[in-house]
Amino acid sequence: MTVKSSKSSRLKAAAVAAAALAVAGSVAFATSAGAASKHLTGASATERPTVKPEAPIGIVSADPEEQAPILAKMHVTRHVEIAGYTFWIGTMDGKPVVDTASGEVDETAELTTWILDATFHPRATLFTGTAGANNAAINVGDVVLSGYVADKSQIHYELGGYQEPYSGIELHAVGVSDAEGAIVNSYGNVYPTPSDAANFDNENDPTDKSWIFVDALAATKELVTIAEHAPTGTETVADASGDAKAKGTFKNKVVVGTVGQANVWTEPLSWIEAQNMLFQTDAEENEGSGFAFANAAAGVPWMLVRGISDTPWFPNAYDADLAADRAAAVVEYLVARLPATFSKAPVTMANLSPLANAREAGYLVAGQAYFNVTPVSKVIYTSAAGKTVTLTGKSLANLTKEYKYGAAHP
């Protein structure tokens, strides 16, 4: 773990206990007759192998269009239903895999990944799907591998006109958990016990370095170094630019960079600039932090594989099907080549592609980034009666007048 700073932090718990309660037991790839049979669909006890094969590779996607190309590459033998999620069990290129879809956004990805890790004990878990570019050198059809994942919603907007990283993702680094290579923001405090709870003082209690707050989590180096050599194919300039009249083609590439997770979709380049000066990311998506957190907590090697579907430098360009297919192809390439055993060493900055924003900037997470916010000029909303209402001028001023110093009175 790389320690960026140590300071008193507000706690932001990222709980996965619900997932653990949902998992009644481990589903083995090789079992004795009857073991785990209540979970299995599509295979009888006599069809199960008696010799234990190598542990599977877990694959998670968010959306149907992202999962489809993965399932198309699999030979599915059975499936398991756990807590409403379907886990497809089979092989890809002869290697055992388990595939599932989490649904979109961070929380569902975290829950589904934890269930997969706790149930199937994979030797690695991958997240595959689409993302938007946060780097001018990355095009539609390219693939970004997560050297790091940063939760770029973790921001403290300071009165001095700057933003800085907030407390970060909280991880209890005990047992099998593995946060090696993470950029640590700070540490938590010792928790109270029944004997000292009445006089507990969080500000003055000692630090507990098993509770870490991280600004970015590092993926597993060997996964990245294998997958970055995957072939990608070509793309038309027309599709990549959104200009139907544009001529020519170009070769796509695989980039090892930083994936920025937040439940947002950012298009204005000025906003991307403000975000990237704090967190130097190369792609933006909605599930990466939860996925990475669950794997770090479970001690499972991991990596995100993100096909680029859109780029704000070409606002009319969008091809989600191509992006999902490109990501799935990289996953298949990695599954076919990943050794049965491999190092769990994390990615470092030196492993990022030269064009990655963090490599070019010389930092991944800044301490402060100064910015300006202009006044809100228009608001459009739907009333309870179903009518569209637009607020400007005086009607808007009546709402915004409280956001001035002196408007509050004790």
# chains A, B, ... in the order shown; residues from 1 in each chain; ligands from 1
$ residues_around --residues "Val379 in chain A" --least-positions-apart "4" --cutoff "7 Å" --atoms "only C-alpha atoms" --output "PyMOL selection string"
chain A and resi 390-392
$ write_last_selection --atoms "N, CA and C atoms" --output "PDB file, in the first residue's frame"
ATOM      1  N   THR A 390     -40.010  25.549 -16.148  1.00  0.00           N
ATOM      2  CA  THR A 390     -38.689  26.136 -16.331  1.00  0.00           C
ATOM      3  C   THR A 390     -38.522  27.332 -15.415  1.00  0.00           C
ATOM      4  N   LEU A 391     -37.439  27.346 -14.657  1.00  0.00           N
ATOM      5  CA  LEU A 391     -37.151  28.460 -13.750  1.00  0.00           C
ATOM      6  C   LEU A 391     -35.954  29.252 -14.273  1.00  0.00           C
ATOM      7  N   THR A 392     -36.157  30.544 -14.446  1.00  0.00           N
ATOM      8  CA  THR A 392     -35.073  31.465 -14.784  1.00  0.00           C
ATOM      9  C   THR A 392     -35.366  32.785 -14.075  1.00  0.00           C
TER      10      THR A 392
END
$ residues_around --residues "Ser210 in chain A" --least-positions-apart "5" --cutoff "8 Å" --atoms "only C-alpha atoms" --output "list in words"
His172, Ala173, Val174, Tyr187 and Gly188 of chain A
$ write_last_selection --atoms "N, CA and C atoms" --output "PDB file, in the first residue's frame"
ATOM      1  N   HIS A 172     -11.571  -2.745   5.780  1.00  0.00           N
ATOM      2  CA  HIS A 172     -11.003  -3.359   6.967  1.00  0.00           C
ATOM      3  C   HIS A 172      -9.961  -4.371   6.509  1.00  0.00           C
ATOM      4  N   ALA A 173      -8.702  -3.990   6.602  1.00  0.00           N
ATOM      5  CA  ALA A 173      -7.601  -4.782   6.060  1.00  0.00           C
ATOM      6  C   ALA A 173      -7.168  -5.852   7.044  1.00  0.00           C
ATOM      7  N   VAL A 174      -7.961  -6.894   7.151  1.00  0.00           N
ATOM      8  CA  VAL A 174      -7.662  -8.006   8.048  1.00  0.00           C
ATOM      9  C   VAL A 174      -7.915  -9.309   7.295  1.00  0.00           C
ATOM     10  N   TYR A 187      -6.231   6.655   7.934  1.00  0.00           N
ATOM     11  CA  TYR A 187      -6.601   5.481   8.721  1.00  0.00           C
ATOM     12  C   TYR A 187      -7.733   5.831   9.667  1.00  0.00           C
ATOM     13  N   GLY A 188      -8.507   4.804  10.021  1.00  0.00           N
ATOM     14  CA  GLY A 188      -9.587   4.996  10.967  1.00  0.00           C
ATOM     15  C   GLY A 188      -9.111   4.929  12.407  1.00  0.00           C
TER      16      GLY A 188
END
$ select_by_dssp --residues "range 274-400 of chain A" --states "alpha helix (DSSP H)" --output "PyMOL selection string"
chain A and resi 274-278+288-298+320-337+357-361+393-400
$ write_last_selection --atoms "N, CA and C atoms" --output "CSV table (one decimal), in the first residue's frame"
chain,number,residue,atom,x,y,z
A,274,ALA,N,-11.7,19.4,-14.6
A,274,ALA,CA,-11.7,19.6,-13.2
A,274,ALA,C,-11.6,18.3,-12.4
A,275,GLN,N,-12.3,17.3,-12.9
A,275,GLN,CA,-12.3,16.0,-12.2
A,275,GLN,C,-10.9,15.4,-12.4
A,276,ASN,N,-10.3,15.4,-13.6
A,276,ASN,CA,-9.0,14.8,-13.9
A,276,ASN,C,-7.9,15.5,-13.2
A,277,MET,N,-8.0,16.7,-12.9
A,277,MET,CA,-6.9,17.4,-12.2
A,277,MET,C,-6.8,16.9,-10.8
A,278,LEU,N,-7.9,16.3,-10.2
A,278,LEU,CA,-7.9,15.7,-8.9
A,278,LEU,C,-7.6,14.2,-9.0
A,288,GLY,N,-16.9,0.4,-10.9
A,288,GLY,CA,-15.5,-0.1,-10.7
A,288,GLY,C,-15.1,-0.1,-9.2
A,289,SER,N,-15.5,0.9,-8.4
A,289,SER,CA,-15.0,0.9,-7.0
A,289,SER,C,-15.6,-0.2,-6.2
A,290,GLY,N,-16.9,-0.4,-6.4
A,290,GLY,CA,-17.6,-1.5,-5.6
A,290,GLY,C,-17.0,-2.9,-6.0
A,291,PHE,N,-16.8,-3.1,-7.3
A,291,PHE,CA,-16.2,-4.3,-7.8
A,291,PHE,C,-14.8,-4.5,-7.2
A,292,ALA,N,-14.0,-3.5,-7.3
A,292,ALA,CA,-12.6,-3.6,-6.7
A,292,ALA,C,-12.6,-3.8,-5.2
A,293,PHE,N,-13.5,-3.1,-4.5
A,293,PHE,CA,-13.6,-3.2,-3.1
A,293,PHE,C,-13.9,-4.6,-2.6
A,294,ALA,N,-14.9,-5.2,-3.3
A,294,ALA,CA,-15.3,-6.6,-2.9
A,294,ALA,C,-14.2,-7.5,-3.1
A,295,ASN,N,-13.4,-7.4,-4.2
A,295,ASN,CA,-12.3,-8.3,-4.4
A,295,ASN,C,-11.2,-8.1,-3.4
A,296,ALA,N,-10.9,-6.8,-3.1
A,296,ALA,CA,-9.9,-6.5,-2.1
A,296,ALA,C,-10.2,-7.1,-0.8
A,297,ALA,N,-11.5,-6.9,-0.4
A,297,ALA,CA,-11.9,-7.5,0.9
A,297,ALA,C,-11.8,-9.0,0.9
A,298,ALA,N,-12.1,-9.6,-0.2
A,298,ALA,CA,-12.1,-11.1,-0.3
A,298,ALA,C,-10.7,-11.6,-0.6
A,320,ALA,N,-21.9,1.2,-28.2
A,320,ALA,CA,-21.8,0.3,-27.1
A,320,ALA,C,-21.6,-1.1,-27.5
A,321,ASP,N,-22.2,-1.5,-28.6
A,321,ASP,CA,-22.1,-2.9,-29.0
A,321,ASP,C,-20.6,-3.3,-29.3
A,322,LEU,N,-20.0,-2.4,-30.1
A,322,LEU,CA,-18.6,-2.6,-30.4
A,322,LEU,C,-17.7,-2.6,-29.1
A,323,ALA,N,-18.0,-1.7,-28.2
A,323,ALA,CA,-17.2,-1.6,-27.0
A,323,ALA,C,-17.3,-2.9,-26.2
A,324,ALA,N,-18.6,-3.3,-26.0
A,324,ALA,CA,-18.8,-4.6,-25.3
A,324,ALA,C,-18.1,-5.8,-25.9
A,325,ASP,N,-18.2,-5.8,-27.2
A,325,ASP,CA,-17.5,-6.9,-28.0
A,325,ASP,C,-16.0,-6.9,-27.8
A,326,ARG,N,-15.4,-5.7,-27.9
A,326,ARG,CA,-14.0,-5.5,-27.7
A,326,ARG,C,-13.5,-5.9,-26.3
A,327,ALA,N,-14.3,-5.5,-25.3
A,327,ALA,CA,-13.9,-5.9,-23.9
A,327,ALA,C,-14.0,-7.4,-23.7
A,328,ALA,N,-15.1,-8.1,-24.3
A,328,ALA,CA,-15.2,-9.5,-24.2
A,328,ALA,C,-14.1,-10.2,-24.9
A,329,ALA,N,-13.6,-9.7,-26.0
A,329,ALA,CA,-12.5,-10.4,-26.7
A,329,ALA,C,-11.2,-10.3,-25.9
A,330,VAL,N,-11.0,-9.2,-25.2
A,330,VAL,CA,-9.8,-9.1,-24.3
A,330,VAL,C,-9.9,-10.1,-23.1
A,331,VAL,N,-11.1,-10.2,-22.6
A,331,VAL,CA,-11.4,-11.2,-21.5
A,331,VAL,C,-11.1,-12.6,-22.0
A,332,GLU,N,-11.6,-13.0,-23.2
A,332,GLU,CA,-11.3,-14.3,-23.7
A,332,GLU,C,-9.8,-14.5,-23.9
A,333,TYR,N,-9.1,-13.5,-24.4
A,333,TYR,CA,-7.7,-13.6,-24.6
A,333,TYR,C,-7.0,-13.9,-23.2
A,334,LEU,N,-7.4,-13.2,-22.2
A,334,LEU,CA,-6.8,-13.4,-20.9
A,334,LEU,C,-7.1,-14.8,-20.3
A,335,VAL,N,-8.4,-15.2,-20.4
A,335,VAL,CA,-8.8,-16.5,-19.8
A,335,VAL,C,-8.0,-17.6,-20.4
A,336,ALA,N,-7.8,-17.5,-21.7
A,336,ALA,CA,-7.0,-18.6,-22.4
A,336,ALA,C,-5.6,-18.7,-22.0
A,337,ARG,N,-5.0,-17.6,-21.5
A,337,ARG,CA,-3.6,-17.5,-21.3
A,337,ARG,C,-3.2,-17.4,-19.8
A,357,ASN,N,-3.2,9.2,-18.4
A,357,ASN,CA,-3.1,10.5,-17.9
A,357,ASN,C,-2.3,10.6,-16.6
A,358,ALA,N,-2.3,9.6,-15.8
A,358,ALA,CA,-1.5,9.6,-14.6
A,358,ALA,C,0.0,9.6,-14.9
A,359,ARG,N,0.4,8.8,-15.9
A,359,ARG,CA,1.8,8.7,-16.3
A,359,ARG,C,2.2,10.1,-16.8
A,360,GLU,N,1.4,10.7,-17.7
A,360,GLU,CA,1.8,12.0,-18.2
A,360,GLU,C,1.8,13.1,-17.2
A,361,ALA,N,0.9,13.1,-16.2
A,361,ALA,CA,0.8,14.1,-15.2
A,361,ALA,C,1.9,13.9,-14.1
A,393,GLY,N,-34.5,33.7,-14.2
A,393,GLY,CA,-34.7,35.1,-13.7
A,393,GLY,C,-35.1,35.1,-12.2
A,394,LYS,N,-36.2,35.9,-11.9
A,394,LYS,CA,-36.7,36.0,-10.5
A,394,LYS,C,-37.1,34.7,-9.9
A,395,SER,N,-37.8,33.9,-10.7
A,395,SER,CA,-38.3,32.6,-10.1
A,395,SER,C,-37.1,31.7,-9.6
A,396,LEU,N,-36.0,31.8,-10.4
A,396,LEU,CA,-34.9,31.0,-10.0
A,396,LEU,C,-34.1,31.7,-8.8
A,397,ALA,N,-34.1,33.0,-8.9
A,397,ALA,CA,-33.4,33.8,-7.8
A,397,ALA,C,-34.1,33.5,-6.5
A,398,ASN,N,-35.4,33.3,-6.4
A,398,ASN,CA,-36.1,33.0,-5.2
A,398,ASN,C,-35.5,31.7,-4.5
A,399,LEU,N,-35.1,30.8,-5.4
A,399,LEU,CA,-34.5,29.5,-4.9
A,399,LEU,C,-33.1,29.7,-4.5
A,400,THR,N,-32.3,30.5,-5.2
A,400,THR,CA,-30.9,30.5,-5.0
A,400,THR,C,-30.4,31.6,-4.0
$ atom_distance --atom1 "CA of Glu287 in chain A" --atom2 "CA of Pro301 in chain A"
16.8 Å
$ select_by_dssp --residues "range 60-167 of chain A" --states "strand (DSSP E)" --output "ChimeraX atom specification"
/A:60-61,75-82,85-92,95-101,124-133,143-151,155-157,162-165
$ closest_residue --among "A:Ser167, A:Asn351, A:Ser195, A:Thr249" --to "Glu222 in chain A" --atoms "only C-alpha atoms"
A:Asn351
$ closest_residue --among "A:Asp117, A:Gly58, A:Gly94, A:Met303" --to "Val176 in chain A" --atoms "only C-alpha atoms"
A:Asp117
$ atom_distance --atom1 "CA of Asp106 in chain A" --atom2 "CA of Thr119 in chain A"
20.0 Å
$ residues_around --residues "Asp282 in chain A" --least-positions-apart "3" --cutoff "10 Å" --atoms "only C-alpha atoms" --output "PDB file with C-alpha atoms, in the first residue's frame"
ATOM      1  CA  ALA A 131     -17.017   3.043 -20.436  1.00  0.00           C
ATOM      2  CA  GLY A 132     -16.558   6.590 -21.675  1.00  0.00           C
ATOM      3  CA  ALA A 133     -13.140   8.042 -22.456  1.00  0.00           C
ATOM      4  CA  ASN A 134     -11.578  10.562 -20.073  1.00  0.00           C
ATOM      5  CA  ASN A 135      -8.418  10.854 -22.157  1.00  0.00           C
ATOM      6  CA  ALA A 136      -8.156  12.597 -25.552  1.00  0.00           C
ATOM      7  CA  ALA A 137      -5.811   9.874 -26.829  1.00  0.00           C
ATOM      8  CA  ILE A 138      -8.371   7.104 -26.216  1.00  0.00           C
ATOM      9  CA  VAL A 144      -8.897   0.411 -21.078  1.00  0.00           C
ATOM     10  CA  LEU A 145      -7.587  -1.991 -18.432  1.00  0.00           C
ATOM     11  CA  SER A 146      -7.705  -0.850 -14.833  1.00  0.00           C
ATOM     12  CA  VAL A 255      -4.448   0.986 -22.697  1.00  0.00           C
ATOM     13  CA  VAL A 256      -3.444   0.314 -19.100  1.00  0.00           C
ATOM     14  CA  GLY A 257      -4.782   3.293 -17.200  1.00  0.00           C
ATOM     15  CA  THR A 258      -6.985   4.463 -14.360  1.00  0.00           C
ATOM     16  CA  VAL A 259     -10.725   3.851 -14.338  1.00  0.00           C
ATOM     17  CA  GLY A 260     -12.712   6.553 -12.564  1.00  0.00           C
ATOM     18  CA  ASN A 276      -9.045  14.782 -13.862  1.00  0.00           C
ATOM     19  CA  PHE A 279      -8.128  12.078 -10.068  1.00  0.00           C
ATOM     20  CA  LEU A 355      -0.314   7.772 -22.745  1.00  0.00           C
ATOM     21  CA  ALA A 356      -2.253   7.213 -19.490  1.00  0.00           C
ATOM     22  CA  ASN A 357      -3.139  10.526 -17.868  1.00  0.00           C
ATOM     23  CA  ALA A 358      -1.492   9.613 -14.556  1.00  0.00           C
TER      24      ALA A 358
END
$ closest_residue --among "A:Asp310, A:Asp178, A:Glu54, A:Asp63" --to "Ala109 in chain A" --atoms "only C-alpha atoms"
A:Asp63
